[in-house]
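Taking it in order: structure first as structure tokens, then the write-up.
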Amino acid sequence: MRILAAGDHFVGTDLLADAVRAEIGAGHEFSELTLPWPVEPFGPVANVHEASGTEEQVIEALAGAEVAVTQMAPFTKQVFAAAPGLKLVSVCRGGPVNVDLAAATEAGVAVTYAPGRNAGAAAEFAVGMILAAMRRISTSSAELLGGTWRGDYYAYDQTGLELDGTTVGLVGYGAIGARVAKVLVAFGAKVLVADPFADPARIAADGAELVELDDLLRRSFVVSLHARLTEETRHLIDADKLALLPQGAVLVNTARGGLLDYSPLPEALRSGRLGALALDVYDVEPPPADWALRDAPNVIATPHLAGASRQTAERAASIVAAEVGRYARGEALANLANPEVPRP
């Protein structure tokens with residue numbers, strides 16, 4: 001069997017290839033391709049999103065391959081048309097957004113993905129952002145390093161709030177949101193959840209309360225976004241939804257930039273409607289030089305790092321390798337994105 005390992009500078013090509021070899025043993029041929037992400041930002045390629053590299057690079061590297069493992073390579077209609085021997089694409093991401101699923105299905109190629117591969121890292125990061133925003137950790141550090149001692153932050157009306165006793169709303173309750181909830185409950189927070197697809201019994205067992213989105217926004221001093229980005233959730237939080245938040249609320253987005261309408265945020269911060277904003281994802285990545293939030297007050301901004309841990313990269317490689325192993329042994333695939341494709 002010939003296998004393409006198309007890695008990048010996070011989930012490396014060697015990491016992918018070594019994980020697959022450990023799973024299926026020796027005696028297989030590998031071709032390798034290293035894509036430029038994250039040294040260069042990902043973006044759309046043809047009709048797929050969040051991809052790195054070009055169709056031409058992938059087509060050349062795929063020659064004769066039956067299986068491909070990757071994180072960011074673009075698998076488009078053109079790529080599938082040029083690789084008639086391809087039977088499996090295993091993507092080590094929470095969703096195969098870099099794959100044209102319709103084209104894969106038409107070509108008879110099974111596509112798998114890696115749910116939960118970065119859940120631990122992303123949940124830790126989200127909680128860190130919540131704490132940093134509530135307690136001015138990042139902003140006060142930047143001011144001190146810039147030469148300003150903000151002793152006034154100890155004044156009663158300037159101090160932050162503890163998580164203990166604070167109502168925190170989580171929009172989305174997948175693998176990451178559920179982990180965040182458990183940590184927040186351990187801190188003593190009251191956790192509300194808005195997710196039409198979540199299991200109410202699971203949420204209750206985790207110590208949280210399932211509510212409608214508008215109710216969550218009205219009641220939560222902190223709101224953290226954890227939903228998947230779909231056409232239905234694009235700009236889920238817009239100016240009308242922001243207006244429901246309590247005065248001075250904290251908003252955190254470590255999920256996807258498209259969940260949030262960024263245009264009303266600068267004014268919401270300046271007016272005090274938002275007390276703080278913590279972002280790891282953006283509508284345009286990286287944000288442009290004239291980004292309106294650069295001079296807005298109480299903003300924490302990080303460059304899409306929530307899932308960036310060594311364990312995430314290792315876990316991602318292990319998950320895709322396990323799918324290759326199942327394929328090689330003729331077993332059912334665990335995380336199949338297009339189950340209508342018949343088993344080769």
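Each chain in the structure tokens gets a letter, A, B, ..., in the order shown, and its residues are numbered from 1; ligands are numbered from 1 in order too.
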Each residue of stretch 40-130 of chain A with at least one atom at most 12 Å from stretch 138-149 of chain A should appear once, together with its nearest atom pair and the corresponding distance in Å (one decimal); atoms considered: only C-alpha atoms; ordering: chain, then increasing residue number; output as CSV.
residue,atom,partner,partner_atom,distance
A:Gly128,CA,A:Ser138,CA,10.4
A:Met129,CA,A:Ser138,CA,9.1
A:Ile130,CA,A:Ser138,CA,11.0
Problem - Surrounding residues of stretch 271-275 of chain A excluding itself and chain neighbours under 2 positions, 9 Å, only C-alpha atoms, as a count of residues only - result: 19
Handout entry: Pick from A:Val45, A:Asp164, A:Leu260, A:Ala132 nearest to A:Val299, counting only C-alpha atoms
Key =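 Ranking A:Val45, A:Asp164, A:Leu260, A:Ala132 by distance to A:Val299, first place goes to A:Ala132.
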Per residue of stretch 220-329 of chain A within 12 Å of stretch 180-192 of chain A, note the shortest atom pair and the distance in Å to one decimal, counting only C-alpha atoms, and order the rows by chain and increasing residue number, as a Markdown table.
| residue | atom | partner | partner_atom | distance |
| --- | --- | --- | --- | --- |
| A:Ser220 | CA | A:Leu192 | CA | 7.7 |
| A:Phe221 | CA | A:Lys190 | CA | 10.3 |
| A:Val222 | CA | A:Val191 | CA | 9.7 |
| A:Val223 | CA | A:Leu192 | CA | 9.2 |
| A:Ser224 | CA | A:Val180 | CA | 9.3 |
| A:Leu225 | CA | A:Val180 | CA | 10.6 |
| A:His226 | CA | A:Val180 | CA | 9.4 |
| A:Thr254 | CA | A:Val180 | CA | 11.6 |
Given the selection you just returned, output its residues as a file containing C-alpha atoms, formatted as a PDB file, in the first residue's frame.
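Result saved to result-v3.pdb:
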ATOM      1  CA  SER A 220     -24.301  35.311  31.895  1.00  0.00           C
ATOM      2  CA  PHE A 221     -21.568  37.701  32.981  1.00  0.00           C
ATOM      3  CA  VAL A 222     -19.092  35.648  30.944  1.00  0.00           C
ATOM      4  CA  VAL A 223     -19.926  34.075  27.569  1.00  0.00           C
ATOM      5  CA  SER A 224     -17.523  31.661  25.887  1.00  0.00           C
ATOM      6  CA  LEU A 225     -18.095  30.367  22.350  1.00  0.00           C
ATOM      7  CA  HIS A 226     -17.536  26.681  21.553  1.00  0.00           C
ATOM      8  CA  THR A 254     -11.576  30.535  21.010  1.00  0.00           C
TER       9      THR A 254
END
Exercise for the section: Apply DSSP to the backbone of this structure and, from stretch 9-173 of chain A, keep only the residues in helix (DSSP H, G or I); write these as a ChimeraX atom specification. Expected result: /A:13-24,55-61,77-81,101-106,119-134,137-145,151-154,156-158
Please build the interface table for stretch 290-332 of chain A against stretch 74-91 of chain A with a cut-off of 10 Å, listing for each qualifying residue the nearest atom pair and the distance in Å to one decimal; count only C-alpha atoms, order rows by chain and increasing number, and write it as a tab-separated table.
residue	atom	partner	partner_atom	distance
A:Ala316	CA	A:Val91	CA	8.6
A:Ala317	CA	A:Val91	CA	9.2
A:Ile319	CA	A:Ser90	CA	8.8
A:Val320	CA	A:Ser90	CA	5.5
A:Ala321	CA	A:Ser90	CA	8.2
A:Ala322	CA	A:Ser90	CA	9.6
A:Glu323	CA	A:Ser90	CA	7.0
A:Val324	CA	A:Ser90	CA	7.5
A:Tyr327	CA	A:Leu88	CA	8.0
Could you save the residues just selected, with all heavy atoms, as a PDB file, in the first residue's frame?
ATOM      1  N   ALA A 316      -3.344  13.782  17.339  1.00  0.00           N
ATOM      2  CA  ALA A 316      -3.882  13.864  15.983  1.00  0.00           C
ATOM      3  C   ALA A 316      -3.265  12.802  15.086  1.00  0.00           C
ATOM      4  O   ALA A 316      -3.964  12.102  14.342  1.00  0.00           O
ATOM      5  CB  ALA A 316      -3.632  15.260  15.408  1.00  0.00           C
ATOM      6  N   ALA A 317      -1.945  12.663  15.155  1.00  0.00           N
ATOM      7  CA  ALA A 317      -1.271  11.649  14.347  1.00  0.00           C
ATOM      8  C   ALA A 317      -1.719  10.247  14.737  1.00  0.00           C
ATOM      9  O   ALA A 317      -1.924   9.377  13.883  1.00  0.00           O
ATOM     10  CB  ALA A 317       0.243  11.792  14.500  1.00  0.00           C
ATOM     11  N   ILE A 319      -4.628   9.362  15.989  1.00  0.00           N
ATOM     12  CA  ILE A 319      -6.011   9.112  15.567  1.00  0.00           C
ATOM     13  C   ILE A 319      -6.070   8.747  14.090  1.00  0.00           C
ATOM     14  O   ILE A 319      -6.749   7.791  13.704  1.00  0.00           O
ATOM     15  CB  ILE A 319      -6.885  10.341  15.874  1.00  0.00           C
ATOM     16  CG1 ILE A 319      -7.070  10.505  17.386  1.00  0.00           C
ATOM     17  CG2 ILE A 319      -8.258  10.211  15.200  1.00  0.00           C
ATOM     18  CD1 ILE A 319      -7.734  11.799  17.792  1.00  0.00           C
ATOM     19  N   VAL A 320      -5.345   9.494  13.237  1.00  0.00           N
ATOM     20  CA  VAL A 320      -5.401   9.162  11.809  1.00  0.00           C
ATOM     21  C   VAL A 320      -4.703   7.839  11.532  1.00  0.00           C
ATOM     22  O   VAL A 320      -5.142   7.060  10.675  1.00  0.00           O
ATOM     23  CB  VAL A 320      -4.820  10.287  10.921  1.00  0.00           C
ATOM     24  CG1 VAL A 320      -5.663  11.547  11.026  1.00  0.00           C
ATOM     25  CG2 VAL A 320      -3.367  10.570  11.222  1.00  0.00           C
ATOM     26  N   ALA A 321      -3.634   7.556  12.265  1.00  0.00           N
ATOM     27  CA  ALA A 321      -2.947   6.284  12.076  1.00  0.00           C
ATOM     28  C   ALA A 321      -3.857   5.118  12.441  1.00  0.00           C
ATOM     29  O   ALA A 321      -3.858   4.077  11.765  1.00  0.00           O
ATOM     30  CB  ALA A 321      -1.671   6.247  12.908  1.00  0.00           C
ATOM     31  N   ALA A 322      -4.639   5.280  13.499  1.00  0.00           N
ATOM     32  CA  ALA A 322      -5.564   4.220  13.890  1.00  0.00           C
ATOM     33  C   ALA A 322      -6.601   3.966  12.800  1.00  0.00           C
ATOM     34  O   ALA A 322      -6.992   2.811  12.556  1.00  0.00           O
ATOM     35  CB  ALA A 322      -6.256   4.589  15.201  1.00  0.00           C
ATOM     36  N   GLU A 323      -7.043   5.022  12.111  1.00  0.00           N
ATOM     37  CA  GLU A 323      -7.990   4.835  11.011  1.00  0.00           C
ATOM     38  C   GLU A 323      -7.342   4.094   9.843  1.00  0.00           C
ATOM     39  O   GLU A 323      -7.968   3.231   9.214  1.00  0.00           O
ATOM     40  CB  GLU A 323      -8.531   6.193  10.544  1.00  0.00           C
ATOM     41  CG  GLU A 323      -9.393   6.922  11.556  1.00  0.00           C
ATOM     42  CD  GLU A 323     -10.798   6.340  11.688  1.00  0.00           C
ATOM     43  OE1 GLU A 323     -10.971   5.101  11.675  1.00  0.00           O
ATOM     44  OE2 GLU A 323     -11.738   7.141  11.816  1.00  0.00           O
ATOM     45  N   VAL A 324      -6.080   4.410   9.561  1.00  0.00           N
ATOM     46  CA  VAL A 324      -5.374   3.669   8.510  1.00  0.00           C
ATOM     47  C   VAL A 324      -5.260   2.201   8.894  1.00  0.00           C
ATOM     48  O   VAL A 324      -5.424   1.304   8.048  1.00  0.00           O
ATOM     49  CB  VAL A 324      -3.989   4.285   8.241  1.00  0.00           C
ATOM     50  CG1 VAL A 324      -3.223   3.456   7.213  1.00  0.00           C
ATOM     51  CG2 VAL A 324      -4.120   5.729   7.758  1.00  0.00           C
ATOM     52  N   TYR A 327      -8.549   0.551   8.244  1.00  0.00           N
ATOM     53  CA  TYR A 327      -8.719   0.363   6.802  1.00  0.00           C
ATOM     54  C   TYR A 327      -7.898  -0.831   6.319  1.00  0.00           C
ATOM     55  O   TYR A 327      -8.398  -1.691   5.576  1.00  0.00           O
ATOM     56  CB  TYR A 327      -8.284   1.640   6.072  1.00  0.00           C
ATOM     57  CG  TYR A 327      -8.194   1.488   4.575  1.00  0.00           C
ATOM     58  CD1 TYR A 327      -9.325   1.587   3.776  1.00  0.00           C
ATOM     59  CD2 TYR A 327      -6.966   1.229   3.967  1.00  0.00           C
ATOM     60  CE1 TYR A 327      -9.241   1.426   2.397  1.00  0.00           C
ATOM     61  CE2 TYR A 327      -6.875   1.070   2.596  1.00  0.00           C
ATOM     62  CZ  TYR A 327      -8.011   1.177   1.820  1.00  0.00           C
ATOM     63  OH  TYR A 327      -7.926   1.017   0.453  1.00  0.00           O
TER      64      TYR A 327
END
Practice task
Enter the distance from atom CA of A:Asp100 to atom CA of A:Val48, in Å, rounded to one decimal.
Solution key: 6.0 Å
Nearby residues (only C-alpha atoms) at most 7 Å from stretch 279-288 of chain A, same-chain spacing under 4 positions excluded, as a compact mmCIF listing (two decimals) with all heavy atoms, in the first residue's frame:
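Saved as part38.txt:
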# COMPACT_ATOMS: atom_id res chain seq x y z
N VAL A 252 -15.68 35.71 25.19
CA VAL A 252 -14.49 34.95 24.83
C VAL A 252 -14.81 34.12 23.59
O VAL A 252 -15.82 33.43 23.54
CB VAL A 252 -14.04 34.02 25.98
CG1 VAL A 252 -12.84 33.18 25.56
CG2 VAL A 252 -13.75 34.82 27.23
N ASN A 253 -13.93 34.19 22.59
CA ASN A 253 -14.09 33.35 21.40
C ASN A 253 -12.77 32.66 21.09
O ASN A 253 -11.82 33.27 20.61
CB ASN A 253 -14.56 34.16 20.19
CG ASN A 253 -14.91 33.27 19.01
OD1 ASN A 253 -15.00 32.05 19.14
ND2 ASN A 253 -15.13 33.87 17.86
N THR A 254 -12.73 31.35 21.37
CA THR A 254 -11.58 30.53 21.01
C THR A 254 -11.99 29.45 20.02
O THR A 254 -11.24 28.50 19.80
CB THR A 254 -10.97 29.87 22.26
OG1 THR A 254 -11.97 29.09 22.92
CG2 THR A 254 -10.42 30.91 23.22
N ALA A 255 -13.18 29.59 19.42
CA ALA A 255 -13.73 28.53 18.55
C ALA A 255 -13.47 28.84 17.08
O ALA A 255 -12.51 28.35 16.50
CB ALA A 255 -15.21 28.35 18.83
N ARG A 256 -14.32 29.66 16.48
CA ARG A 256 -14.17 30.05 15.08
C ARG A 256 -14.58 31.52 14.94
O ARG A 256 -15.58 31.96 15.51
CB ARG A 256 -15.03 29.19 14.16
CG ARG A 256 -14.43 27.81 13.85
CD ARG A 256 -13.17 27.95 13.01
NE ARG A 256 -12.55 26.67 12.65
CZ ARG A 256 -11.57 26.12 13.32
NH1 ARG A 256 -11.11 26.68 14.43
NH2 ARG A 256 -11.04 24.99 12.92
N GLY A 257 -13.80 32.25 14.15
CA GLY A 257 -14.06 33.67 13.99
C GLY A 257 -15.44 33.96 13.43
O GLY A 257 -16.08 34.95 13.81
N GLY A 258 -15.93 33.11 12.53
CA GLY A 258 -17.20 33.36 11.89
C GLY A 258 -18.41 33.28 12.79
O GLY A 258 -19.51 33.69 12.41
N ILE A 300 -7.97 41.19 24.73
CA ILE A 300 -6.90 40.20 24.74
C ILE A 300 -6.97 39.48 23.41
O ILE A 300 -8.03 39.01 23.01
CB ILE A 300 -7.06 39.19 25.89
CG1 ILE A 300 -7.06 39.90 27.23
CG2 ILE A 300 -5.97 38.12 25.84
CD1 ILE A 300 -7.48 39.01 28.38
N ALA A 301 -5.86 39.40 22.70
CA ALA A 301 -5.85 38.78 21.37
C ALA A 301 -4.64 37.88 21.22
O ALA A 301 -3.51 38.31 21.46
CB ALA A 301 -5.86 39.86 20.28
N THR A 302 -4.89 36.63 20.84
CA THR A 302 -3.82 35.67 20.60
C THR A 302 -3.98 35.08 19.20
O THR A 302 -5.09 35.06 18.66
CB THR A 302 -3.84 34.54 21.65
OG1 THR A 302 -5.15 33.97 21.71
CG2 THR A 302 -3.47 35.07 23.03
N PRO A 303 -2.91 34.60 18.58
CA PRO A 303 -2.93 34.23 17.17
C PRO A 303 -3.36 32.78 16.89
O PRO A 303 -2.59 31.96 16.41
CB PRO A 303 -1.49 34.48 16.71
CG PRO A 303 -0.68 34.20 17.93
CD PRO A 303 -1.51 34.67 19.09
N HIS A 304 -4.62 32.47 17.23
CA HIS A 304 -5.22 31.15 16.94
C HIS A 304 -4.36 30.03 17.53
O HIS A 304 -3.93 29.11 16.83
CB HIS A 304 -5.40 30.96 15.43
CG HIS A 304 -6.49 29.99 15.09
ND1 HIS A 304 -7.31 30.14 14.01
CD2 HIS A 304 -6.89 28.82 15.68
CE1 HIS A 304 -8.17 29.13 13.95
NE2 HIS A 304 -7.93 28.31 14.96
N LEU A 305 -4.18 30.08 18.85
CA LEU A 305 -3.28 29.15 19.53
C LEU A 305 -3.99 28.14 20.43
O LEU A 305 -3.32 27.33 21.07
CB LEU A 305 -2.29 29.94 20.40
CG LEU A 305 -1.24 30.78 19.69
CD1 LEU A 305 -0.40 31.53 20.71
CD2 LEU A 305 -0.35 29.90 18.82
N ALA A 306 -5.32 28.18 20.53
CA ALA A 306 -6.01 27.39 21.54
C ALA A 306 -5.66 25.91 21.46
O ALA A 306 -5.51 25.23 22.47
CB ALA A 306 -7.51 27.59 21.45
Problem - Straight-line distance linking atom CA of A:Ser31 with atom CA of A:Thr13, stated in Å to one decimal - result: 9.8 Å
Taking only C-alpha atoms into account, produce a table as CSV in which each residue of stretch 15-116 of chain A with an atom at most 6 Å from an atom of stretch 3-6 of chain A appears once, together with its shortest atom pair and the distance in Å to one decimal, ordered by chain and rising number.
residue,atom,partner,partner_atom,distance
A:Ala17,CA,A:Ala5,CA,5.8
A:Phe30,CA,A:Ile3,CA,4.9
A:Ser31,CA,A:Leu4,CA,4.8
A:Glu32,CA,A:Ala5,CA,5.0
A:Leu33,CA,A:Ala6,CA,4.5
A:Thr34,CA,A:Ala6,CA,5.7
A:Ala65,CA,A:Ile3,CA,5.3
A:Val67,CA,A:Ile3,CA,4.8
A:Ala68,CA,A:Leu4,CA,4.5
A:Val69,CA,A:Ala5,CA,5.1
A:Thr70,CA,A:Ala6,CA,4.8
Exercise for the section: Return the single residue from A:Glu209, A:Glu66, A:Glu231, A:Ala73 that is closest to A:Ala110, with distances computed using only C-alpha atoms. Expected result: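 Of A:Glu209, A:Glu66, A:Glu231, A:Ala73, the one nearest A:Ala110, counting only C-alpha atoms, is A:Glu66.
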Completion exercise
Correct to one decimal, the distance atom CA of A:Tyr153-atom CA of A:Asp290 is 29.3 Å
